[in-house]
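Undergrad: So here's coords_32.txt, just compact mmCIF, C-alpha atoms and all ligand atoms:
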```txt
# COMPACT_ATOMS: atom_id res chain seq x y z
CA MET D 1 0.00 0.00 0.00
CA LEU D 2 1.37 3.42 -0.93
CA HIS D 3 1.38 6.13 1.70
CA SER D 4 0.18 9.34 0.20
CA PRO D 5 -2.10 12.14 1.32
CA ASP D 6 -3.86 11.82 -2.00
CA ASN D 7 -5.03 8.26 -2.04
CA TRP D 8 -8.07 8.86 -4.18
CA LYS D 9 -5.86 10.38 -6.89
CA ILE D 10 -3.66 7.31 -6.79
CA GLU D 11 -6.73 5.15 -7.25
CA ALA D 12 -7.77 7.25 -10.28
CA ARG D 13 -4.31 6.86 -11.79
CA ARG D 14 -4.31 3.15 -11.10
CA GLU D 15 -7.56 2.85 -12.99
CA ALA D 16 -6.25 4.83 -15.99
CA ILE D 17 -3.10 2.74 -16.07
CA ALA D 18 -4.96 -0.53 -15.61
CA SER D 19 -7.42 0.00 -18.45
CA SER D 20 -6.65 -2.55 -21.12
CA ASN D 21 -7.68 -2.15 -24.77
CA PHE D 22 -4.03 -1.50 -25.54
CA ALA D 23 -4.44 -1.61 -29.34
CA TRP D 24 -7.09 1.11 -29.34
CA ARG D 25 -5.23 3.34 -26.86
CA PHE D 26 -1.98 2.97 -28.82
CA ALA D 27 -3.67 3.79 -32.16
CA SER D 28 -5.26 6.98 -30.85
CA TYR D 29 -2.04 8.03 -29.04
CA SER D 30 0.15 7.52 -32.11
CA ARG D 31 -2.26 9.60 -34.25
CA GLY D 32 -2.66 12.37 -31.67
CA LYS D 33 -0.55 15.36 -30.63
CA ARG D 34 -0.11 14.40 -26.96
CA VAL D 35 3.54 13.80 -26.00
CA SER D 36 3.07 12.79 -22.34
CA PRO D 37 3.71 9.04 -22.06
CA LEU D 38 1.20 6.25 -22.39
CA PHE D 39 1.45 3.56 -19.70
CA PHE D 40 0.27 -0.01 -20.10
CA LEU D 41 -0.06 -2.35 -17.14
CA GLY D 42 0.61 -5.98 -17.97
CA ASP D 43 3.02 -8.65 -19.03
CA ALA D 44 5.36 -7.23 -21.69
CA VAL D 45 4.82 -10.00 -24.28
CA SER D 46 1.02 -9.94 -23.97
CA VAL D 47 0.83 -6.15 -24.23
CA LEU D 48 3.30 -5.96 -27.13
CA ARG D 49 1.22 -8.49 -29.09
CA GLU D 50 -1.51 -5.84 -29.28
CA ILE D 51 0.81 -3.20 -30.75
CA PRO D 52 0.94 -3.18 -34.57
CA SER D 53 4.07 -4.21 -36.47
CA GLU D 54 6.50 -1.46 -37.54
CA SER D 55 4.85 1.21 -35.38
CA ILE D 56 7.63 2.05 -32.87
CA ASP D 57 10.76 4.11 -33.66
CA PHE D 58 12.96 3.37 -30.68
CA CYS D 59 13.19 1.04 -27.72
CA MET D 60 15.39 1.28 -24.64
CA THR D 61 15.09 -0.94 -21.60
CA SER D 62 16.78 -2.60 -18.66
CA PRO D 63 15.18 -5.99 -18.06
CA PRO D 64 14.44 -7.37 -14.59
CA TYR D 65 17.51 -8.97 -13.00
CA TRP D 66 17.71 -12.72 -12.76
CA GLY D 67 17.25 -14.19 -9.29
CA LYS D 68 17.82 -10.90 -7.47
CA ARG D 69 14.51 -9.24 -6.85
CA GLU D 70 10.92 -10.25 -6.60
CA TYR D 71 8.72 -7.89 -8.52
CA GLU D 72 5.03 -7.48 -7.88
CA ASN D 73 2.91 -9.99 -9.86
CA GLY D 74 5.86 -12.31 -10.38
CA GLY D 75 7.30 -11.22 -13.69
CA ILE D 76 10.53 -12.26 -15.38
CA GLY D 77 13.62 -12.97 -13.26
CA LEU D 78 12.27 -15.76 -11.06
CA GLU D 79 13.22 -18.65 -13.39
CA ALA D 80 15.10 -21.55 -11.81
CA ASP D 81 17.63 -21.62 -14.62
CA TYR D 82 19.34 -18.68 -16.34
CA SER D 83 18.87 -20.16 -19.80
CA GLU D 84 15.12 -20.14 -19.18
CA TYR D 85 15.48 -16.48 -18.14
CA ILE D 86 17.29 -15.68 -21.42
CA THR D 87 14.54 -17.46 -23.39
CA LYS D 88 11.83 -15.45 -21.59
CA LEU D 89 13.58 -12.14 -22.28
CA ALA D 90 14.13 -13.16 -25.91
CA GLU D 91 10.37 -13.69 -26.29
CA VAL D 92 9.85 -10.06 -25.30
CA PHE D 93 12.58 -8.81 -27.66
CA GLU D 94 11.14 -10.79 -30.57
CA GLU D 95 7.94 -8.76 -30.10
CA VAL D 96 10.01 -5.58 -29.77
CA LYS D 97 11.59 -6.43 -33.13
CA ARG D 98 8.20 -6.95 -34.77
CA THR D 99 6.80 -3.66 -33.43
CA LEU D 100 9.94 -1.68 -34.33
CA LYS D 101 10.11 0.13 -37.69
CA HIS D 102 12.87 -1.01 -40.07
CA THR D 103 14.55 2.36 -39.31
CA GLY D 104 14.34 1.69 -35.57
CA SER D 105 16.92 1.08 -32.85
CA PHE D 106 16.86 -1.06 -29.73
CA TRP D 107 19.12 -0.26 -26.74
CA LEU D 108 19.50 -2.93 -24.07
CA ASN D 109 21.09 -2.25 -20.68
CA MET D 110 22.06 -5.20 -18.53
CA GLY D 111 24.39 -5.98 -15.64
CA ASP D 112 25.96 -9.38 -15.02
CA THR D 113 25.43 -11.87 -12.17
CA TYR D 114 27.54 -14.38 -10.27
CA LEU D 115 26.28 -17.89 -9.50
CA ASN D 116 28.41 -20.15 -7.28
CA LYS D 117 31.39 -17.84 -7.85
CA ARG D 118 30.94 -18.04 -11.64
CA LEU D 119 30.34 -14.82 -13.53
CA LEU D 120 27.59 -15.86 -15.92
CA GLY D 121 28.12 -13.44 -18.80
CA LEU D 122 24.36 -12.90 -19.03
CA PRO D 123 24.44 -9.66 -21.07
CA TRP D 124 26.54 -11.31 -23.78
CA ARG D 125 24.62 -14.58 -23.65
CA LEU D 126 21.45 -12.61 -24.35
CA ALA D 127 23.08 -10.41 -27.00
CA LEU D 128 24.46 -13.43 -28.86
CA TYR D 129 21.10 -15.21 -28.61
CA LEU D 130 19.36 -12.17 -30.14
CA MET D 131 21.92 -11.96 -32.97
CA ASP D 132 21.94 -15.68 -33.70
CA ASN D 133 18.24 -16.44 -33.36
CA GLN D 134 16.44 -13.19 -34.15
CA ASN D 135 18.88 -11.65 -36.60
CA TRP D 136 19.36 -8.42 -34.65
CA ILE D 137 22.39 -6.45 -35.87
CA LEU D 138 24.66 -5.22 -33.08
CA ARG D 139 26.06 -1.74 -33.82
CA ASN D 140 27.74 -0.91 -30.50
CA SER D 141 28.62 -2.58 -27.25
CA ILE D 142 28.92 0.16 -24.64
CA ILE D 143 30.51 -0.08 -21.23
CA TRP D 144 28.60 1.92 -18.67
CA ASN D 145 31.20 2.82 -16.04
CA LYS D 146 29.15 3.51 -12.92
CA ILE D 147 32.26 4.89 -11.18
CA LYS D 148 30.93 3.90 -7.76
CA GLY D 149 29.66 0.38 -7.12
CA SER D 150 27.98 -1.30 -4.17
CA PRO D 151 30.22 -2.21 -1.22
CA ASP D 152 32.17 -5.36 -2.05
CA ASN D 153 34.01 -7.29 0.65
CA THR D 154 35.07 -10.27 -1.47
CA LEU D 155 38.76 -11.10 -1.15
CA ASP D 156 39.30 -12.97 -4.39
CA ARG D 157 38.05 -10.78 -7.23
CA LEU D 158 37.79 -7.16 -8.37
CA ARG D 159 34.97 -4.77 -7.58
CA ASN D 160 32.36 -4.59 -10.32
CA VAL D 161 31.45 -1.08 -11.50
CA HIS D 162 30.25 -1.60 -15.05
CA GLU D 163 27.16 -2.74 -16.92
CA ASN D 164 26.68 -3.40 -20.62
CA ILE D 165 24.55 -1.39 -23.03
CA PHE D 166 23.97 -2.84 -26.51
CA HIS D 167 22.72 -0.93 -29.52
CA PHE D 168 20.85 -3.18 -31.96
CA VAL D 169 19.17 -2.38 -35.28
CA LYS D 170 16.93 -4.36 -37.63
CA SER D 171 18.58 -3.37 -40.91
CA SER D 172 22.27 -2.74 -41.44
CA HIS D 173 21.51 0.27 -43.66
CA GLY D 174 19.00 3.06 -43.51
CA TYR D 175 18.29 3.05 -39.78
CA TYR D 176 17.71 6.47 -38.25
CA TYR D 177 20.90 7.95 -36.76
CA ASP D 178 21.51 11.64 -36.05
CA ALA D 179 25.24 11.71 -35.21
CA ASP D 180 25.26 15.53 -35.14
CA ALA D 181 22.74 15.52 -32.27
CA ILE D 182 25.26 13.88 -29.93
CA ARG D 183 28.57 15.48 -30.90
CA ALA D 184 30.61 17.32 -28.28
CA THR D 185 30.94 21.04 -28.95
CA PRO D 186 34.03 21.22 -31.16
CA LYS D 187 37.17 22.91 -29.91
CA LYS D 188 38.38 25.65 -32.21
CA ALA D 189 41.74 26.44 -33.77
CA LYS D 190 43.32 29.54 -32.23
CA VAL D 191 46.12 32.04 -32.85
CA VAL D 192 49.06 31.80 -30.41
CA ASN D 193 51.95 34.32 -30.71
CA GLY D 194 50.75 35.21 -34.18
CA SER D 195 50.75 31.58 -35.45
CA ILE D 196 47.74 29.42 -36.03
CA VAL D 197 47.47 26.45 -33.65
CA SER D 198 44.94 23.65 -34.12
CA ALA D 199 42.36 22.81 -31.43
CA THR D 200 44.77 20.36 -29.78
CA GLY D 201 47.90 22.42 -30.28
CA VAL D 202 49.17 21.22 -33.67
CA THR D 203 51.31 23.94 -35.29
CA GLY D 204 52.92 21.83 -38.00
CA VAL D 205 56.48 22.50 -36.73
CA ARG D 206 57.00 18.91 -35.54
CA TYR D 207 55.63 17.43 -38.79
CA LYS D 208 57.89 19.72 -40.88
CA ARG D 209 60.91 18.50 -38.94
CA GLN D 210 59.86 14.84 -39.31
CA ILE D 211 59.51 15.28 -43.09
CA GLU D 212 62.89 17.04 -43.31
CA LEU D 213 64.72 14.32 -41.34
CA SER D 214 62.87 11.37 -42.87
CA THR D 215 65.04 8.63 -44.34
CA GLU D 216 61.97 6.82 -45.70
CA LEU D 217 60.59 9.54 -48.00
CA SER D 218 62.13 10.26 -51.42
CA PRO D 219 62.90 13.95 -52.27
CA SER D 220 59.73 14.22 -54.41
CA GLU D 221 57.61 12.61 -51.63
CA LYS D 222 59.09 15.12 -49.15
CA GLU D 223 58.13 17.99 -51.43
CA ALA D 224 54.57 16.66 -51.77
CA ALA D 225 54.37 16.16 -47.97
CA PHE D 226 55.50 19.80 -47.33
CA LEU D 227 52.91 21.10 -49.80
CA GLY D 228 50.19 18.86 -48.30
CA LEU D 229 51.01 20.06 -44.78
CA GLN D 230 51.03 23.72 -45.82
CA SER D 231 47.67 23.39 -47.52
CA MET D 232 46.22 21.69 -44.39
CA LEU D 233 47.58 24.50 -42.15
CA ASP D 234 46.00 27.03 -44.51
CA ARG D 235 42.66 25.24 -44.09
CA VAL D 236 43.07 25.45 -40.29
CA LYS D 237 43.79 29.18 -40.66
CA ARG D 238 40.63 29.63 -42.72
CA ARG D 239 38.75 27.68 -39.95
CA GLU D 240 37.70 25.02 -42.45
CA VAL D 241 39.42 22.36 -40.33
CA ALA D 242 39.63 22.57 -36.53
CA ASP D 243 42.19 19.86 -36.08
CA PHE D 244 44.19 17.19 -37.89
CA ARG D 245 46.91 14.60 -37.54
CA MET D 246 49.56 13.80 -40.17
CA ILE D 247 50.74 10.22 -40.59
CA ILE D 248 54.16 10.04 -42.25
CA ARG D 249 55.74 6.78 -43.46
CA GLY D 250 58.19 5.46 -40.84
CA GLN D 251 57.26 8.13 -38.25
CA GLN D 252 53.85 7.67 -36.67
CA ARG D 253 52.50 4.35 -35.44
CA ALA D 254 49.53 3.57 -37.68
CA THR D 255 46.59 1.63 -36.21
CA HIS D 256 45.52 0.05 -39.50
CA SER D 257 46.80 -3.08 -41.22
CA PRO D 258 50.19 -2.55 -42.88
CA SER D 259 48.87 -4.32 -45.98
CA GLY D 260 47.82 -2.01 -48.83
CA LYS D 261 45.48 -4.78 -49.98
CA VAL D 262 43.52 -4.57 -46.71
CA SER D 263 43.66 -0.89 -45.84
CA GLY D 264 43.23 2.16 -48.08
CA ARG D 265 45.27 4.22 -45.65
CA ALA D 266 48.15 1.73 -45.74
CA ARG D 267 48.04 1.97 -49.54
CA GLU D 268 48.21 5.78 -49.36
CA LEU D 269 51.18 5.51 -47.03
CA GLN D 270 52.94 3.09 -49.41
CA GLU D 271 52.19 5.12 -52.54
CA LYS D 272 52.44 8.75 -51.31
CA GLY D 273 54.36 8.47 -48.04
CA PHE D 274 51.82 10.38 -45.91
CA TYR D 275 48.14 11.04 -45.26
CA PHE D 276 46.00 13.24 -43.01
CA LEU D 277 43.31 12.45 -40.42
CA LYS D 278 40.88 15.35 -40.14
CA TYR D 279 38.69 15.85 -37.09
CA HIS D 280 34.99 16.36 -37.73
CA PRO D 281 34.28 20.12 -37.82
CA LYS D 282 31.05 19.66 -35.83
CA GLY D 283 32.84 17.95 -32.91
CA ALA D 284 33.62 14.39 -31.86
CA LYS D 285 31.05 11.64 -31.34
CA PRO D 286 30.82 10.17 -27.83
CA SER D 287 32.89 7.03 -27.26
CA ASP D 288 31.57 3.59 -26.30
CA VAL D 289 32.57 4.00 -22.65
CA TRP D 290 30.13 6.12 -20.68
CA GLU D 291 30.91 7.41 -17.20
CA ILE D 292 27.59 8.01 -15.50
CA ILE D 293 26.94 7.87 -11.75
CA PRO D 294 23.93 5.64 -10.94
CA GLU D 295 20.61 7.06 -9.83
CA ASP D 296 20.44 7.88 -6.14
CA SER D 297 17.40 5.87 -5.06
CA GLN D 298 17.38 7.29 -1.54
CA GLY D 299 14.13 9.04 -0.84
CA ARG D 300 12.30 7.13 -3.55
CA ARG D 301 9.20 5.28 -2.40
CA LEU D 302 9.99 2.24 -4.50
CA HIS D 303 12.44 0.55 -6.73
CA PHE D 304 16.14 0.15 -6.48
CA ALA D 305 16.92 -0.57 -10.11
CA ALA D 306 16.07 2.65 -11.95
CA TYR D 307 18.74 3.64 -14.42
CA PRO D 308 19.97 7.25 -14.49
CA GLU D 309 18.34 9.74 -16.83
CA ASP D 310 21.66 10.48 -18.53
CA ILE D 311 21.88 6.93 -19.83
CA CYS D 312 18.90 7.54 -22.12
CA ARG D 313 20.03 10.87 -23.57
CA ILE D 314 22.49 9.70 -26.24
CA PRO D 315 20.28 6.82 -27.42
CA ILE D 316 17.18 9.02 -27.74
CA LEU D 317 18.93 12.01 -29.32
CA ALA D 318 20.80 9.85 -31.84
CA THR D 319 18.22 7.21 -32.73
CA CYS D 320 14.69 8.41 -31.96
CA PRO D 321 13.38 10.93 -34.50
CA LYS D 322 11.81 14.06 -33.00
CA ASP D 323 8.34 12.94 -34.10
CA GLY D 324 9.01 9.30 -33.20
CA ILE D 325 7.59 7.01 -30.51
CA ALA D 326 9.85 5.46 -27.86
CA LEU D 327 9.09 2.21 -26.05
CA ASP D 328 10.24 0.62 -22.79
CA PRO D 329 8.68 -2.83 -22.22
CA PHE D 330 10.07 -3.00 -18.63
CA CYS D 331 9.65 0.67 -17.80
CA GLY D 332 9.71 0.42 -13.98
CA THR D 333 9.70 3.96 -12.62
CA GLY D 334 9.67 5.34 -16.15
CA THR D 335 13.13 6.82 -16.73
CA THR D 336 12.98 6.16 -20.50
CA MET D 337 9.59 7.85 -20.63
CA LEU D 338 10.75 10.82 -18.55
CA VAL D 339 13.77 11.54 -20.77
CA SER D 340 11.70 10.99 -23.93
CA SER D 341 9.25 13.61 -22.65
CA ILE D 342 12.04 16.04 -21.74
CA LEU D 343 13.40 15.63 -25.28
CA GLY D 344 9.95 16.07 -26.81
CA ARG D 345 9.36 12.48 -27.96
CA LYS D 346 6.20 10.42 -27.46
CA SER D 347 6.67 7.22 -25.47
CA VAL D 348 4.95 4.04 -24.34
CA GLY D 349 5.91 2.31 -21.09
CA ILE D 350 4.88 -1.21 -20.10
CA ASP D 351 5.30 -2.77 -16.66
CA ILE D 352 3.77 -5.60 -14.72
CA SER D 353 3.68 -3.58 -11.49
CA THR D 354 0.94 -1.05 -10.78
CA ASP D 355 3.01 0.63 -8.08
CA TYR D 356 5.93 1.25 -10.42
CA LEU D 357 3.63 2.59 -13.12
CA VAL D 358 2.02 4.98 -10.64
CA GLU D 359 5.51 6.19 -9.70
CA ALA D 360 6.45 6.48 -13.39
CA HIS D 361 3.27 8.37 -14.18
CA ASP D 362 3.85 10.83 -11.31
CA ARG D 363 7.48 11.44 -12.28
CA CYS D 364 6.46 12.35 -15.83
CA VAL D 365 3.41 14.39 -14.80
CA SER D 366 5.44 16.44 -12.33
CA LEU D 367 7.71 17.39 -15.21
CA LEU D 368 5.06 18.40 -17.74
C1 LIG D 401 15.23 -3.22 -13.89
S1 LIG D 401 13.58 -2.74 -13.74
C2 LIG D 401 13.44 -1.40 -14.89
C3 LIG D 401 13.87 -0.09 -14.30
C4 LIG D 401 13.64 1.09 -15.20
N1 LIG D 401 14.66 1.19 -16.24
C5 LIG D 401 13.63 2.39 -14.39
O1 LIG D 401 14.39 3.32 -14.74
O2 LIG D 401 12.91 2.49 -13.40
C6 LIG D 401 12.69 -4.02 -14.51
C7 LIG D 401 11.18 -3.89 -14.47
O3 LIG D 401 10.61 -4.99 -15.19
C8 LIG D 401 9.31 -5.23 -14.65
N2 LIG D 401 8.88 -6.57 -15.09
C9 LIG D 401 9.29 -7.79 -14.67
N3 LIG D 401 8.69 -8.75 -15.38
C10 LIG D 401 7.88 -8.15 -16.29
C11 LIG D 401 7.03 -8.60 -17.32
N4 LIG D 401 6.87 -9.91 -17.57
N5 LIG D 401 6.38 -7.70 -18.08
C12 LIG D 401 6.52 -6.36 -17.83
N6 LIG D 401 7.30 -5.86 -16.87
C13 LIG D 401 8.00 -6.75 -16.12
C14 LIG D 401 9.51 -5.05 -13.15
O4 LIG D 401 8.28 -4.76 -12.51
C15 LIG D 401 10.52 -3.90 -13.09
O5 LIG D 401 9.87 -2.68 -12.88
```
Here is the file; what I need is its structure written in the form of structure tokens.

TA:
Amino acid sequence: MLHSPDNWKIEARREAIASSNFAWRFASYSRGKRVSPLFFLGDAVSVLREIPSESIDFCMTSPPYWGKREYENGGIGLEADYSEYITKLAEVFEEVKRTLKHTGSFWLNMGDTYLNKRLLGLPWRLALYLMDNQNWILRNSIIWNKIKGSPDNTLDRLRNVHENIFHFVKSSHGYYYDADAIRATPKKAKVVNGSIVSATGVTGVRYKRQIELSTELSPSEKEAAFLGLQSMLDRVKRREVADFRMIIRGQQRATHSPSGKVSGRARELQEKGFYFLKYHPKGAKPSDVWEIIPEDSQGRRLHFAAYPEDICRIPILATCPKDGIALDPFCGTGTTMLVSSILGRKSVGIDISTDYLVEAHDRCVSLL
């Protein structure tokens, strides 16, 4: 029982959340202008079966843990065997795949679990199952570095502070992705003591010296390298390029294959003796390691497993169109819905627990 001065309001919300007829409610929501989230109470697979195919733009979720918590109305996570747990989750994600548009993205957050001292590798077991059996295409495997973990007094292993986040798509080409929406503000080239210096301090002096002293470049290659470098510095001066790196044969350690058959850059190095790496003028994309402190659940009425709002920002900005609909089939206290609303996207949240949906509803309503 929830303790609130406004119990009748809670009852009204419970009723709104508990009304079924999911197909009809979804159809009118997706046609309408309302952005505030739609909440469906029920088992994720059963509810999803009422949502039409190819009608959702984006899905992000963190499934219930295996064997750790008991959620209201049972739910997934109570299976005796972890392979049964993976099968149950996969049933939900098969429905997610059906309801997702071919341009859609699915982001899955999951932490791992130990059983009898064995780390089970559950996130990867599930990810591989989804790739092998449902043909999901994995685009990124992200490490969420939580920075601080729970207290850990074990004496024979390291502290765990990370969880996995996987980005899946249905089609390898043509899925919605707005890279510019998630770029860091670019650093700019500047003038220092009258000379142009790139965003990370490249003046060209060191490269000029390396070309001059090179024993690997022929005289004509050296001349071409000087001209190439000068033209790149001119582009920095004109603010067309904020930053660059020059790779010179025999000088810098290249990260690509040395074989010109395998790598275009290696071929350029063999044939010309140098090449340039230019930084994107609109700023760098985020990396696949995210440092985000977990949600502080102190003071919350319920739920210990909400993920932080920041975890949803990059996925929504990059892969949910502004007029799209987001989905979380295990929405809990509604973080995906809250961030979708903040970013102006419609969203649908499903959960088996009335109490969590009431909490989710109130979080989103207090914002709007
Ligand atoms: C890890 S929590 C999600 C937390 C959420 N990301 C948040 O920010 O609050 C998993 C949720 O799955 C729900 N759940 C468990 N089994 C379910 C099922 N079969 N169908 C729908 N929801 C289910 C639980 O009630 C719980 O709220």

Undergrad: Could you name the residues that touch Val339 of chain D at 7 Å or less, counting only C-alpha atoms, but leaving out those on the same chain fewer than 2 positions away, as a list in words?

TA: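 Once the adjacent positions are removed, what remains is Glu309, Cys312, Arg313, Thr335, Thr336, Met337, Ser341, Ile342 and Leu343 of chain D.
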
Undergrad: Excluding same-chain residues fewer than 5 positions from segment 49-57 of chain D, what lies within 8 Å of it counting all atoms listed in the file, as a ChimeraX atom specification?

TA: /D:22-23,26,95,98-105,320-321,324-327

Undergrad: Which of these, D:Asp310, D:Glu212, D:Glu291, D:Glu84, has the shortest distance to His162 of chain D once you count all atoms listed in the file?

TA: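 For His162 of chain D, the nearest of the given residues is D:Glu291.
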
Undergrad: Do you know which residues are within 9 Å of ligand LIG 401 (chain D) using all atoms listed in the file? Can you write them as a VMD selection string?

TA: chain D and resid 41 to 47 60 to 65 70 to 78 88 to 89 92 109 to 110 295 303 to 309 328 to 337 350 to 357 360

Undergrad: Any chance you could export the current selection's C-alpha atoms as a PDB file, in the frame of the given file?

TA:
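Saved as result_21.pdb:
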```
ATOM      1  CA  LEU D  41      -0.060  -2.350 -17.140  1.00  0.00           C
ATOM      2  CA  GLY D  42       0.610  -5.980 -17.970  1.00  0.00           C
ATOM      3  CA  ASP D  43       3.020  -8.650 -19.030  1.00  0.00           C
ATOM      4  CA  ALA D  44       5.360  -7.230 -21.690  1.00  0.00           C
ATOM      5  CA  VAL D  45       4.820 -10.000 -24.280  1.00  0.00           C
ATOM      6  CA  SER D  46       1.020  -9.940 -23.970  1.00  0.00           C
ATOM      7  CA  VAL D  47       0.830  -6.150 -24.230  1.00  0.00           C
ATOM      8  CA  MET D  60      15.390   1.280 -24.640  1.00  0.00           C
ATOM      9  CA  THR D  61      15.090  -0.940 -21.600  1.00  0.00           C
ATOM     10  CA  SER D  62      16.780  -2.600 -18.660  1.00  0.00           C
ATOM     11  CA  PRO D  63      15.180  -5.990 -18.060  1.00  0.00           C
ATOM     12  CA  PRO D  64      14.440  -7.370 -14.590  1.00  0.00           C
ATOM     13  CA  TYR D  65      17.510  -8.970 -13.000  1.00  0.00           C
ATOM     14  CA  GLU D  70      10.920 -10.250  -6.600  1.00  0.00           C
ATOM     15  CA  TYR D  71       8.720  -7.890  -8.520  1.00  0.00           C
ATOM     16  CA  GLU D  72       5.030  -7.480  -7.880  1.00  0.00           C
ATOM     17  CA  ASN D  73       2.910  -9.990  -9.860  1.00  0.00           C
ATOM     18  CA  GLY D  74       5.860 -12.310 -10.380  1.00  0.00           C
ATOM     19  CA  GLY D  75       7.300 -11.220 -13.690  1.00  0.00           C
ATOM     20  CA  ILE D  76      10.530 -12.260 -15.380  1.00  0.00           C
ATOM     21  CA  GLY D  77      13.620 -12.970 -13.260  1.00  0.00           C
ATOM     22  CA  LEU D  78      12.270 -15.760 -11.060  1.00  0.00           C
ATOM     23  CA  LYS D  88      11.830 -15.450 -21.590  1.00  0.00           C
ATOM     24  CA  LEU D  89      13.580 -12.140 -22.280  1.00  0.00           C
ATOM     25  CA  VAL D  92       9.850 -10.060 -25.300  1.00  0.00           C
ATOM     26  CA  ASN D 109      21.090  -2.250 -20.680  1.00  0.00           C
ATOM     27  CA  MET D 110      22.060  -5.200 -18.530  1.00  0.00           C
ATOM     28  CA  GLU D 295      20.610   7.060  -9.830  1.00  0.00           C
ATOM     29  CA  HIS D 303      12.440   0.550  -6.730  1.00  0.00           C
ATOM     30  CA  PHE D 304      16.140   0.150  -6.480  1.00  0.00           C
ATOM     31  CA  ALA D 305      16.920  -0.570 -10.110  1.00  0.00           C
ATOM     32  CA  ALA D 306      16.070   2.650 -11.950  1.00  0.00           C
ATOM     33  CA  TYR D 307      18.740   3.640 -14.420  1.00  0.00           C
ATOM     34  CA  PRO D 308      19.970   7.250 -14.490  1.00  0.00           C
ATOM     35  CA  GLU D 309      18.340   9.740 -16.830  1.00  0.00           C
ATOM     36  CA  ASP D 328      10.240   0.620 -22.790  1.00  0.00           C
ATOM     37  CA  PRO D 329       8.680  -2.830 -22.220  1.00  0.00           C
ATOM     38  CA  PHE D 330      10.070  -3.000 -18.630  1.00  0.00           C
ATOM     39  CA  CYS D 331       9.650   0.670 -17.800  1.00  0.00           C
ATOM     40  CA  GLY D 332       9.710   0.420 -13.980  1.00  0.00           C
ATOM     41  CA  THR D 333       9.700   3.960 -12.620  1.00  0.00           C
ATOM     42  CA  GLY D 334       9.670   5.340 -16.150  1.00  0.00           C
ATOM     43  CA  THR D 335      13.130   6.820 -16.730  1.00  0.00           C
ATOM     44  CA  THR D 336      12.980   6.160 -20.500  1.00  0.00           C
ATOM     45  CA  MET D 337       9.590   7.850 -20.630  1.00  0.00           C
ATOM     46  CA  ILE D 350       4.880  -1.210 -20.100  1.00  0.00           C
ATOM     47  CA  ASP D 351       5.300  -2.770 -16.660  1.00  0.00           C
ATOM     48  CA  ILE D 352       3.770  -5.600 -14.720  1.00  0.00           C
ATOM     49  CA  SER D 353       3.680  -3.580 -11.490  1.00  0.00           C
ATOM     50  CA  THR D 354       0.940  -1.050 -10.780  1.00  0.00           C
ATOM     51  CA  ASP D 355       3.010   0.630  -8.080  1.00  0.00           C
ATOM     52  CA  TYR D 356       5.930   1.250 -10.420  1.00  0.00           C
ATOM     53  CA  LEU D 357       3.630   2.590 -13.120  1.00  0.00           C
ATOM     54  CA  ALA D 360       6.450   6.480 -13.390  1.00  0.00           C
TER      55      ALA D 360
END
```

Undergrad: If you measure from atom CA of Gln134 of chain D to atom CA of Lys170 of chain D, what distance in Å do you get, rounded to one decimal?

TA: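 Taking atom CA of Gln134 of chain D and atom CA of Lys170 of chain D, their separation equals 9.5 Å.
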
Undergrad: Would you work out the distance separating atom CA of His280 of chain D from atom CA of Lys208 of chain D, expressed in Å to one decimal?

TA: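 These two atoms are separated by 23.4 Å.
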
Undergrad: Tell me, counting only C-alpha atoms, for each residue of segment 278-363 of chain D within 7 Å of segment 135-149 of chain D, which pair of atoms is nearest and how far apart they are in Å to one decimal, in rows ordered by chain and increasing number, as a tab-separated table.

TA:
```
residue	atom	partner	partner_atom	distance
D:Asp288	CA	D:Ile142	CA	4.6
D:Val289	CA	D:Ile143	CA	4.8
D:Trp290	CA	D:Trp144	CA	4.9
D:Glu291	CA	D:Asn145	CA	4.7
D:Ile292	CA	D:Lys146	CA	5.4
D:Ile293	CA	D:Lys146	CA	5.0
D:Pro294	CA	D:Lys146	CA	6.0
```

Undergrad: Counting all atoms listed in the file, which of D:Ser218, D:Asn153, D:Phe40, D:Glu163 gets nearest to Thr113 of chain D?

TA: D:Glu163

Undergrad: Interatomic distance between atom CA of Lys346 of chain D and atom CA of Ala318 of chain D?

TA: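 Pair atom CA of Lys346 of chain D / atom CA of Ala318 of chain D returns 15.3 Å.
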
Undergrad: Mind listing as an MDAnalysis selection string all residues within 9 Å of (25.1, -20.5, -18.7), counting all atoms listed in the file?

TA: chainID D and resid 81:83 120:122 125

Undergrad: Check the smallest atom-to-atom distance from each of D:His173, D:Ala179, D:Thr154, D:Arg267 to Lys117 of chain D using all atoms listed in the file, then report the winner.

TA: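 The answer is D:Thr154, which sits nearest to Lys117 of chain D.
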
Undergrad: Edge lengths and centre in Å to one decimal, as JSON, is what I'm after for the box along x, y and z that holds all listed atoms of segment 13-26 of chain D once 6 Å is added on each side.

TA:
```
{"center_x": -4.8, "center_y": 2.2, "center_z": -20.2, "size_x": 17.7, "size_y": 21.4, "size_z": 30.2}
```

Undergrad: Name all residues at most 10 Å from segment 223-238 of chain D (count all atoms listed in the file; drop same-chain ones fewer than 2 positions away) and give them as an NGL selection string.

TA: :D and (188-191 or 195-199 or 202-204 or 207-208 or 211-212 or 217-221 or 240-246 or 248 or 272-276 or 278)

Undergrad: With distances taken over only C-alpha atoms, which of D:Phe168, D:Phe39, D:Tyr29, D:Tyr177 is nearest to Met131 of chain D?

TA: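 Of all the options, D:Phe168 lies closest to Met131 of chain D.
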
Undergrad: Measuring atom to atom with all atoms listed in the file, identify which of D:Gly250, D:Pro37, D:Pro281, D:Gly349 is nearest to Ser214 of chain D.

TA: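 Comparing D:Gly250, D:Pro37, D:Pro281, D:Gly349 against Ser214 of chain D, the winner is D:Gly250.
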